[in-house]
Every structure is written in structure tokens, then in C-alpha cells.
Amino acid sequence: MEPISRRRALQLGGLGLAGVLAGGLGLAWQGSRGARFDAAVGAELSEPSVLASSGGELALALTAAEGDLPVAGGRARVLGFNGGLPGPTLRVRPGDRIRVTLRNRLSEPTNLHLHGLHVSPAGNGDNPFLRIEPGQDFDYEYRLPDTHPSGVYWYHPHHHHLVADQIFGGLYGAIIVDDIDPVPVTRERVLVISDLTLDNAGRIAPASIMDRMVGREGNLVLVNGQLRPTMTAAPGTLERWRIVNACVSRYLRLRMDGQQLRLLGLDSGRFTEPRPVQEFVLAGGNRADLLVSTMAGSGQLLALPVDRGAMGMMGRGGRGDPSSPGGDATGTVLATVEVAGAAASPPAPVPPQPSPRDLRRETVAATKTFTFGVGMGMAMGAGGMRFTIDGREYEPDRTDHTVRVGTVEEWTLVNDSPMEHSLHLHVWPMQLLRTGGREVTEIAWQDVVNIPSRNRVTVRVAFDDYPGRTVYHCHILDHEDLGMMGVIEAR
Ligand code: C2O
Ligand code: CU
Ligand code: CU
């Protein structure tokens, strides 16, 4: 692989204006089926570097900057944390303190959000209202409660209007909260899945107004910044994959035939017993904790198409319309798995996991309804369309909802539009009770919940602690940037 990637680096480094005008070499970046891309496909999966806590603390610096970084086997002009895409993986334990110095070396404001972590939104904690200017450094500090759920989380910027662009550009990384009682596995892998589109000069392609309305989907789908990497294993082993859907808008319907898959958990939720699955969907922002029992043979990890509906404008229809994202695609190969060699002996069985809290048994102090809508309006930058929750666009100084600390609420999420939206609530995870008319029988805790188009979802939330203000929003991040976000205050 080495000579190829060096050659590609030279080609792209020297592209410049002449390359764009000549158009030739630039084609290397036009889609995932070009010959030059194929040369980069198949390299062994590499993983981001790991920064682990010790003695109850993790202190680190995250520098957000643009650079010529390794992407898809070559180099491209993208954004990264600490020079990588994804940024380093943070490994912590319940009860830990995390101190992050965020260094903004971008040309625009940014900030930092720890997605899914149950930590305070106040002050220099997980505060989405902070604005870190270019050139500025800022010290964040987070304290995980001793009872923090173990699992897979992630970090990314959260400056309104720029969230989708900065994540699409490459700013994200995984966070793992380790188990108190380890699950015995042969090996663990972190798989951060993201998508991007590069232009002829190897730069991030800007999103059009239509891209933003539909929710942009990049034409390259990457695993740890690589294009279709390979994972090798011996048969009979048990692997644990920590999968993050870091795509700005794309939903991932993940499937892998020939291997035995069991979901240990989703987001911060953990099933009492690992659940056998053939395929499962991760909306943008969702994470999976997946157990893979390896079986001899080779297979592919696929992202199958997910129809998120369409705008229903300009003569286009709704769901199933080929112009809608994922509507006409045949799916994408994310990675190849090669299982061969002498059979290994699997580790001890997964110990039973503690029963999660079930809010269906608890008293509801208040009920609320959130209505997600897309309608005509005077808004700029969205083709005249407004992306709203309860008819309003995001306004940081307005508090849309107040909740009382120490209470449980039941929320009905209504989607009035012809396209899918999702609800992501910061700080407090949600227990899913009903979705699209179906009663959820298992105990499912998620922090991003898909709301099917023209449908509704019911969740319950326990506001046990952390007074303060934070946000909830659609995690199709182009919609969030267009205004589909609100402010909640717990007191
Ligand atoms: Cu993953 Cu408010 O964000
Ligand atoms: Cu979040
Ligand atoms: Cu949306």
C-alpha cells in the first residue's frame, strides 16, 4: 500500500489550479468506483490512537484544524482533531474526570460536545452555547457520575450553523466508557463510520441548498477514514465492535452475512442478554456495541439503503422517490472481513448484564409534545423552507421547555413532514416506548430516536440531575443547522 499512497499524496499535493483545469487527476476523487480509489481499497483496518484515563482522570488537548490529512488511502484537504480523521479515541471509566483543552485552529468558531454522555451542561461542561473563536483555547471539564452507563459515545463540534459542515469536514472521534465488569472478548475494534464528498481538488465539496434540505450524504463512506478496509480474524473468536454513525445525515442499515452478530447495546442502553441480529439501523449519531462471533469465510459489512423520504417539492414525491437519499442506491460496502486459519477457542460466555431501569413503572410528572415540521417560510439559506420544532426555529436565548430536576416526563414526538427526522436530547437519555404505532416491548435506551415521516414516537426521560440549559434537535445535522433545534432548561 505504501508506494501507492505516497504517489497519491504527491499527485494531490501538486494538483492546485492546473490540476483542476486539466481535470484528469482530479477524477481520482469522483466517487468510490474509480480505478485510483480501487488501489487504496482493502488495506487492513487501522484504528485511531487511544487516550485512556488513569487514576480517575483523562487530560488531553484537542486541536481542531484544517490540513492535508490521510483520507481513503490518499490525502485530502479536510478537517481533523489532532491531525486525524477520526480524532483520538477517548477511553474512560464511570466516575472519571475529563479535562479537554480545545484549541481552535480553524478559520471559524467552533466548540465541543460529548454526545450521549450524562454530564452537566453548565459552565465549562457539556455546554453547547459556548463559542470558541479562531485561535482561542478553551478548557472544558466534565465529571462522569459513578453510575455512568458503560458503552460507546462520541465527540464532535456543536456551533449552530456550522455543525454539519465541521463534522462533514472530519471533526469527530469515539469515546468509550469501559465496563466495570469486563465482557470477555478475543479483541475489540473501534469503527467510526463517516461520509464525505471531495471535489476535484481533493477538498470537501460544499453542500447545496438542496443537500442541506434533504440532509447531505457524502459519496464516500469511510470506516476510520479508510475506504473499504479489511479486517482479518481466525474462526471461532469473539470480537467486540464499537460502531459510531458519525455521518452528518446518512442512516446506516448495517448488515454482514456469514458471521454471527449480536447487539450488546445501542447508545447508552445495554440489553440484559446480547440480542442476535441480522441487520440493524443506526440513525445519525447512534452507536452500536456489537459482538461478532467469527466464522470461516469472507464477507462484507454493508450499509444498505435507507429511504429517509424527500422534500415533496418541485415535482418530487415522498418516500420511495429515487431522488431521495438512499432511495435508489444498492448499498455500500463499508469493509471486508476475512476469517481464515486455525480455529481459535472462543472466550467465556458474556456474563448477564444488569437489568436496565424501566421508566414504564415510574410516575410521570408531566407530558410534552414536540412537533417536527418542514414548511414554507421566509427563511434564508434553506430555499425558502423552514425546519422547525413546534413551529419555531432555534433561538439560543429562548428557553422552549422547562423541566423539574428529579421528575420523569413522557414526550410524544410528532413528525408532520414527508421526510424522516430524529430527536437527539443532550445530557439525558430517552427510553423508547412506542414508535410508529408499535409498542416497544424491550427496554430500549437511546439518545437519538428516529421519528418516521408522518408518524409519531413516545419516549420517557428521567431528569434525575444536572440543572442547567441545553438543547434537543434533529440529528440530521443539516436540519439542526437550519433551525430544527430547541432549548430545554432543567431546574
Ligand atoms: Cu451529536 Cu447535539 O449532538
Ligand atoms: Cu449530543
Ligand atoms: Cu430532520
# chains A, B, ... in the order shown; residues from 1 in each chain; ligands from 1
>>> residues_around(residues="stretch 450-452 of chain A", least_positions_apart="6", cutoff="8 Å", atoms="only C-alpha atoms", output="VMD selection string")
chain A and resid 283 413 to 415 419 to 423 435 to 436
>>> write_last_selection(atoms="N, CA and C atoms", output="PDB file, in the first residue's frame")
ATOM      1  N   ALA A 283     -29.369   5.508  13.106  1.00  0.00           N
ATOM      2  CA  ALA A 283     -29.591   6.876  12.629  1.00  0.00           C
ATOM      3  C   ALA A 283     -28.333   7.678  12.923  1.00  0.00           C
ATOM      4  N   LEU A 413     -43.331  12.615  20.208  1.00  0.00           N
ATOM      5  CA  LEU A 413     -42.591  13.256  19.129  1.00  0.00           C
ATOM      6  C   LEU A 413     -43.373  13.037  17.846  1.00  0.00           C
ATOM      7  N   VAL A 414     -43.836  14.149  17.258  1.00  0.00           N
ATOM      8  CA  VAL A 414     -44.704  14.056  16.086  1.00  0.00           C
ATOM      9  C   VAL A 414     -43.946  14.568  14.870  1.00  0.00           C
ATOM     10  N   ASN A 415     -43.936  13.777  13.814  1.00  0.00           N
ATOM     11  CA  ASN A 415     -43.298  14.202  12.567  1.00  0.00           C
ATOM     12  C   ASN A 415     -44.376  14.447  11.527  1.00  0.00           C
ATOM     13  N   MET A 419     -40.484  13.656   5.315  1.00  0.00           N
ATOM     14  CA  MET A 419     -39.151  13.063   5.452  1.00  0.00           C
ATOM     15  C   MET A 419     -38.882  12.687   6.891  1.00  0.00           C
ATOM     16  N   GLU A 420     -37.925  11.768   7.100  1.00  0.00           N
ATOM     17  CA  GLU A 420     -37.594  11.357   8.455  1.00  0.00           C
ATOM     18  C   GLU A 420     -36.887  12.495   9.195  1.00  0.00           C
ATOM     19  N   HIS A 421     -37.121  12.562  10.507  1.00  0.00           N
ATOM     20  CA  HIS A 421     -36.306  13.391  11.386  1.00  0.00           C
ATOM     21  C   HIS A 421     -35.928  12.522  12.566  1.00  0.00           C
ATOM     22  N   SER A 422     -35.079  13.059  13.429  1.00  0.00           N
ATOM     23  CA  SER A 422     -34.772  12.314  14.641  1.00  0.00           C
ATOM     24  C   SER A 422     -34.762  13.305  15.790  1.00  0.00           C
ATOM     25  N   LEU A 423     -34.932  12.790  17.003  1.00  0.00           N
ATOM     26  CA  LEU A 423     -34.747  13.653  18.167  1.00  0.00           C
ATOM     27  C   LEU A 423     -33.524  13.183  18.918  1.00  0.00           C
ATOM     28  N   THR A 435     -43.143   3.394  18.821  1.00  0.00           N
ATOM     29  CA  THR A 435     -42.671   4.039  17.602  1.00  0.00           C
ATOM     30  C   THR A 435     -43.524   3.604  16.434  1.00  0.00           C
ATOM     31  N   GLY A 436     -44.065   4.587  15.716  1.00  0.00           N
ATOM     32  CA  GLY A 436     -44.875   4.315  14.543  1.00  0.00           C
ATOM     33  C   GLY A 436     -45.990   3.306  14.819  1.00  0.00           C
TER      34      GLY A 436
END
>>> residues_near_ligand(ligand="ligand 1", cutoff="7 Å", atoms="only C-alpha atoms and all ligand atoms", output="PyMOL selection string")
chain A and resi 113+115+156+158+285+424+426+471-473+475
>>> closest_atom_pairs(of="chain A", to="ligand 3", cutoff="12 Å", atoms="only C-alpha atoms and all ligand atoms", output="CSV")
residue,atom,partner,partner_atom_place_in_ligand_line,distance
A:Arg212,CA,ligand 3,1 (Cu),10.1
A:Met213,CA,ligand 3,1 (Cu),8.6
A:Val214,CA,ligand 3,1 (Cu),8.4
A:Gly215,CA,ligand 3,1 (Cu),7.7
A:Arg216,CA,ligand 3,1 (Cu),11.3
A:Val248,CA,ligand 3,1 (Cu),11.0
A:Ser249,CA,ligand 3,1 (Cu),8.6
A:Arg250,CA,ligand 3,1 (Cu),11.2
A:Tyr251,CA,ligand 3,1 (Cu),11.8
A:Ala283,CA,ligand 3,1 (Cu),11.0
A:Gly284,CA,ligand 3,1 (Cu),10.4
A:Arg308,CA,ligand 3,1 (Cu),9.5
A:Gly309,CA,ligand 3,1 (Cu),10.7
A:Ala310,CA,ligand 3,1 (Cu),11.1
A:Met311,CA,ligand 3,1 (Cu),10.9
A:Thr371,CA,ligand 3,1 (Cu),11.3
A:Phe372,CA,ligand 3,1 (Cu),7.7
A:Gly373,CA,ligand 3,1 (Cu),8.6
A:Val374,CA,ligand 3,1 (Cu),8.6
A:Arg386,CA,ligand 3,1 (Cu),11.0
A:Phe387,CA,ligand 3,1 (Cu),7.5
A:Thr388,CA,ligand 3,1 (Cu),8.9
A:Ile389,CA,ligand 3,1 (Cu),9.6
A:Val414,CA,ligand 3,1 (Cu),11.8
A:Asn415,CA,ligand 3,1 (Cu),9.2
A:Asp416,CA,ligand 3,1 (Cu),11.0
A:Ser417,CA,ligand 3,1 (Cu),9.3
A:Pro418,CA,ligand 3,1 (Cu),10.5
A:Met419,CA,ligand 3,1 (Cu),7.5
A:Glu420,CA,ligand 3,1 (Cu),6.2
A:His421,CA,ligand 3,1 (Cu),3.6
A:Ser422,CA,ligand 3,1 (Cu),5.9
A:Leu423,CA,ligand 3,1 (Cu),8.3
A:His424,CA,ligand 3,1 (Cu),10.4
A:Val448,CA,ligand 3,1 (Cu),11.7
A:Val449,CA,ligand 3,1 (Cu),11.3
A:Asn450,CA,ligand 3,1 (Cu),9.3
A:Ile451,CA,ligand 3,1 (Cu),8.9
A:Pro452,CA,ligand 3,1 (Cu),10.3
A:Ser453,CA,ligand 3,1 (Cu),9.8
A:Tyr472,CA,ligand 3,1 (Cu),11.8
A:His473,CA,ligand 3,1 (Cu),8.2
A:Cys474,CA,ligand 3,1 (Cu),4.7
A:His475,CA,ligand 3,1 (Cu),6.6
A:Ile476,CA,ligand 3,1 (Cu),5.0
A:Leu477,CA,ligand 3,1 (Cu),7.4
A:Asp478,CA,ligand 3,1 (Cu),7.6
A:His479,CA,ligand 3,1 (Cu),4.8
A:Glu480,CA,ligand 3,1 (Cu),6.9
A:Asp481,CA,ligand 3,1 (Cu),9.9
A:Leu482,CA,ligand 3,1 (Cu),9.3
A:Gly483,CA,ligand 3,1 (Cu),9.6
A:Met484,CA,ligand 3,1 (Cu),6.8
A:Met485,CA,ligand 3,1 (Cu),9.5
>>> closest_residue(among="A:Pro305, A:Gly123, A:Gly375, A:Pro356", to="A:Gly331", atoms="only C-alpha atoms")
A:Pro305
>>> closest_residue(among="A:Thr237, A:Gln226, A:Gln300, A:Thr332", to="A:Asp257", atoms="only C-alpha atoms")
A:Gln300
>>> residues_around(residues="stretch 180-194 of chain A", least_positions_apart="3", cutoff="8 Å", atoms="only C-alpha atoms", output="MDAnalysis selection string")
chainID A and resid 47:48 86 93:94 150 168 173:174 221:225 237:248 346:351
>>> atom_distance(atom1="atom CA of A:Leu112", atom2="atom CA of A:Gly55")
23.9 Å
>>> residues_around(residues="A:Glu489", least_positions_apart="5", cutoff="10 Å", atoms="only C-alpha atoms", output="list in words")
Pro121, Thr399, Asp400, His401, Thr402, Val403, Arg404, Val405, Tyr466, Pro467, Gly468, Arg469, Thr470 and Val471 of chain A
>>> select_by_dssp(residues="stretch 50-290 of chain A", states="alpha helix (DSSP H)", output="count of residues only")
13
>>> closest_residue(among="A:Asp267, A:Asp464, A:Asp68, A:Glu279", to="ligand 2", atoms="only C-alpha atoms and all ligand atoms")
A:Asp267
>>> closest_residue(among="A:Trp428, A:Phe271, A:Phe280, A:Tyr140", to="ligand 2", atoms="only C-alpha atoms and all ligand atoms")
A:Trp428
>>> closest_residue(among="A:Phe81, A:Phe129, A:Trp154, A:Phe138", to="ligand 2", atoms="only C-alpha atoms and all ligand atoms")
A:Trp154
>>> atom_distance(atom1="atom CA of A:Arg75", atom2="atom CA of A:Asp165")
18.9 Å
>>> atom_distance(atom1="atom CA of A:Phe463", atom2="atom CA of A:Pro352")
27.3 Å
>>> residues_around(residues="A:Val277", least_positions_apart="4", cutoff="8 Å", atoms="only C-alpha atoms", output="ChimeraX atom specification")
/A:261-263
>>> write_last_selection(atoms="all heavy atoms", output="PDB file, in the first residue's frame")
ATOM      1  N   LEU A 261     -23.904 -12.168  14.434  1.00  0.00           N
ATOM      2  CA  LEU A 261     -23.916 -10.844  15.063  1.00  0.00           C
ATOM      3  C   LEU A 261     -24.879 -10.818  16.246  1.00  0.00           C
ATOM      4  O   LEU A 261     -25.999 -11.316  16.165  1.00  0.00           O
ATOM      5  CB  LEU A 261     -24.364  -9.775  14.051  1.00  0.00           C
ATOM      6  CG  LEU A 261     -23.663  -9.735  12.698  1.00  0.00           C
ATOM      7  CD1 LEU A 261     -24.198  -8.573  11.867  1.00  0.00           C
ATOM      8  CD2 LEU A 261     -22.153  -9.616  12.873  1.00  0.00           C
ATOM      9  N   ARG A 262     -24.434 -10.209  17.322  1.00  0.00           N
ATOM     10  CA  ARG A 262     -25.322  -9.964  18.458  1.00  0.00           C
ATOM     11  C   ARG A 262     -25.090  -8.547  18.966  1.00  0.00           C
ATOM     12  O   ARG A 262     -23.951  -8.135  19.138  1.00  0.00           O
ATOM     13  CB  ARG A 262     -25.042 -10.963  19.588  1.00  0.00           C
ATOM     14  CG  ARG A 262     -25.564 -12.386  19.295  1.00  0.00           C
ATOM     15  CD  ARG A 262     -25.165 -13.337  20.396  1.00  0.00           C
ATOM     16  NE  ARG A 262     -23.719 -13.426  20.524  1.00  0.00           N
ATOM     17  CZ  ARG A 262     -23.073 -13.838  21.623  1.00  0.00           C
ATOM     18  NH1 ARG A 262     -23.760 -14.179  22.700  1.00  0.00           N
ATOM     19  NH2 ARG A 262     -21.762 -13.897  21.653  1.00  0.00           N
ATOM     20  N   LEU A 263     -26.190  -7.853  19.216  1.00  0.00           N
ATOM     21  CA  LEU A 263     -26.084  -6.493  19.761  1.00  0.00           C
ATOM     22  C   LEU A 263     -26.017  -6.571  21.281  1.00  0.00           C
ATOM     23  O   LEU A 263     -26.925  -7.080  21.937  1.00  0.00           O
ATOM     24  CB  LEU A 263     -27.317  -5.675  19.374  1.00  0.00           C
ATOM     25  CG  LEU A 263     -27.269  -4.826  18.108  1.00  0.00           C
ATOM     26  CD1 LEU A 263     -28.589  -4.086  17.956  1.00  0.00           C
ATOM     27  CD2 LEU A 263     -26.092  -3.857  18.106  1.00  0.00           C
TER      28      LEU A 263
END
>>> residues_around(residues="A:Leu60", least_positions_apart="5", cutoff="7 Å", atoms="only C-alpha atoms", output="list in words")
Arg99, Val100 and Thr101 of chain A
>>> write_last_selection(atoms="C-alpha atoms", output="mmCIF file, in the first residue's frame")
data_model
loop_
_atom_site.group_PDB
_atom_site.id
_atom_site.type_symbol
_atom_site.label_atom_id
_atom_site.label_comp_id
_atom_site.auth_asym_id
_atom_site.auth_seq_id
_atom_site.Cartn_x
_atom_site.Cartn_y
_atom_site.Cartn_z
ATOM 1 C CA ARG A 99 -10.268 17.746 31.083
ATOM 2 C CA VAL A 100 -10.041 18.851 27.477
ATOM 3 C CA THR A 101 -8.230 21.896 26.185
#
>>> residues_around(residues="A:Val337", least_positions_apart="3", cutoff="8 Å", atoms="only C-alpha atoms", output="list of chain:residue names")
A:Thr230, A:Met231, A:Thr232, A:Ala233, A:Ser298, A:Gly299, A:Gln300, A:Leu301
>>> write_last_selection(atoms="all heavy atoms", output="PDB file, in the first residue's frame")
ATOM      1  N   THR A 230      -9.987  -3.881   5.269  1.00  0.00           N
ATOM      2  CA  THR A 230     -10.158  -5.314   5.539  1.00  0.00           C
ATOM      3  C   THR A 230      -9.903  -5.584   7.010  1.00  0.00           C
ATOM      4  O   THR A 230      -9.004  -4.996   7.607  1.00  0.00           O
ATOM      5  CB  THR A 230      -9.158  -6.122   4.691  1.00  0.00           C
ATOM      6  OG1 THR A 230      -9.382  -5.806   3.319  1.00  0.00           O
ATOM      7  CG2 THR A 230      -9.337  -7.616   4.891  1.00  0.00           C
ATOM      8  N   MET A 231     -10.696  -6.494   7.566  1.00  0.00           N
ATOM      9  CA  MET A 231     -10.443  -6.970   8.923  1.00  0.00           C
ATOM     10  C   MET A 231     -10.184  -8.461   8.833  1.00  0.00           C
ATOM     11  O   MET A 231     -10.939  -9.172   8.172  1.00  0.00           O
ATOM     12  CB  MET A 231     -11.647  -6.700   9.821  1.00  0.00           C
ATOM     13  CG  MET A 231     -11.861  -5.220  10.078  1.00  0.00           C
ATOM     14  SD  MET A 231     -13.340  -4.920  11.063  1.00  0.00           S
ATOM     15  CE  MET A 231     -14.525  -4.601   9.773  1.00  0.00           C
ATOM     16  N   THR A 232      -9.138  -8.944   9.474  1.00  0.00           N
ATOM     17  CA  THR A 232      -8.846 -10.372   9.426  1.00  0.00           C
ATOM     18  C   THR A 232      -8.968 -10.954  10.826  1.00  0.00           C
ATOM     19  O   THR A 232      -8.699 -10.283  11.828  1.00  0.00           O
ATOM     20  CB  THR A 232      -7.424 -10.632   8.895  1.00  0.00           C
ATOM     21  OG1 THR A 232      -6.506  -9.854   9.668  1.00  0.00           O
ATOM     22  CG2 THR A 232      -7.305 -10.229   7.434  1.00  0.00           C
ATOM     23  N   ALA A 233      -9.397 -12.204  10.874  1.00  0.00           N
ATOM     24  CA  ALA A 233      -9.580 -12.877  12.162  1.00  0.00           C
ATOM     25  C   ALA A 233      -9.518 -14.378  11.944  1.00  0.00           C
ATOM     26  O   ALA A 233      -9.671 -14.871  10.820  1.00  0.00           O
ATOM     27  CB  ALA A 233     -10.926 -12.497  12.766  1.00  0.00           C
ATOM     28  N   SER A 298     -15.253 -15.320   3.847  1.00  0.00           N
ATOM     29  CA  SER A 298     -15.061 -13.881   3.744  1.00  0.00           C
ATOM     30  C   SER A 298     -16.420 -13.234   3.535  1.00  0.00           C
ATOM     31  O   SER A 298     -17.317 -13.821   2.927  1.00  0.00           O
ATOM     32  CB  SER A 298     -14.072 -13.532   2.625  1.00  0.00           C
ATOM     33  OG  SER A 298     -14.663 -13.803   1.384  1.00  0.00           O
ATOM     34  N   GLY A 299     -16.564 -12.076   4.057  1.00  0.00           N
ATOM     35  CA  GLY A 299     -17.857 -11.391   3.985  1.00  0.00           C
ATOM     36  C   GLY A 299     -17.663  -9.902   3.920  1.00  0.00           C
ATOM     37  O   GLY A 299     -16.542  -9.397   3.982  1.00  0.00           O
ATOM     38  N   GLN A 300     -18.763  -9.212   3.777  1.00  0.00           N
ATOM     39  CA  GLN A 300     -18.700  -7.761   3.661  1.00  0.00           C
ATOM     40  C   GLN A 300     -19.626  -7.109   4.669  1.00  0.00           C
ATOM     41  O   GLN A 300     -20.759  -7.574   4.869  1.00  0.00           O
ATOM     42  CB  GLN A 300     -19.123  -7.344   2.250  1.00  0.00           C
ATOM     43  CG  GLN A 300     -18.111  -7.763   1.200  1.00  0.00           C
ATOM     44  CD  GLN A 300     -18.590  -7.457  -0.205  1.00  0.00           C
ATOM     45  OE1 GLN A 300     -19.752  -7.625  -0.516  1.00  0.00           O
ATOM     46  NE2 GLN A 300     -17.675  -7.001  -1.049  1.00  0.00           N
ATOM     47  N   LEU A 301     -19.143  -6.070   5.281  1.00  0.00           N
ATOM     48  CA  LEU A 301     -20.004  -5.229   6.105  1.00  0.00           C
ATOM     49  C   LEU A 301     -20.651  -4.218   5.168  1.00  0.00           C
ATOM     50  O   LEU A 301     -19.968  -3.436   4.517  1.00  0.00           O
ATOM     51  CB  LEU A 301     -19.179  -4.508   7.178  1.00  0.00           C
ATOM     52  CG  LEU A 301     -19.943  -3.510   8.055  1.00  0.00           C
ATOM     53  CD1 LEU A 301     -21.021  -4.200   8.889  1.00  0.00           C
ATOM     54  CD2 LEU A 301     -18.980  -2.735   8.958  1.00  0.00           C
TER      55      LEU A 301
END
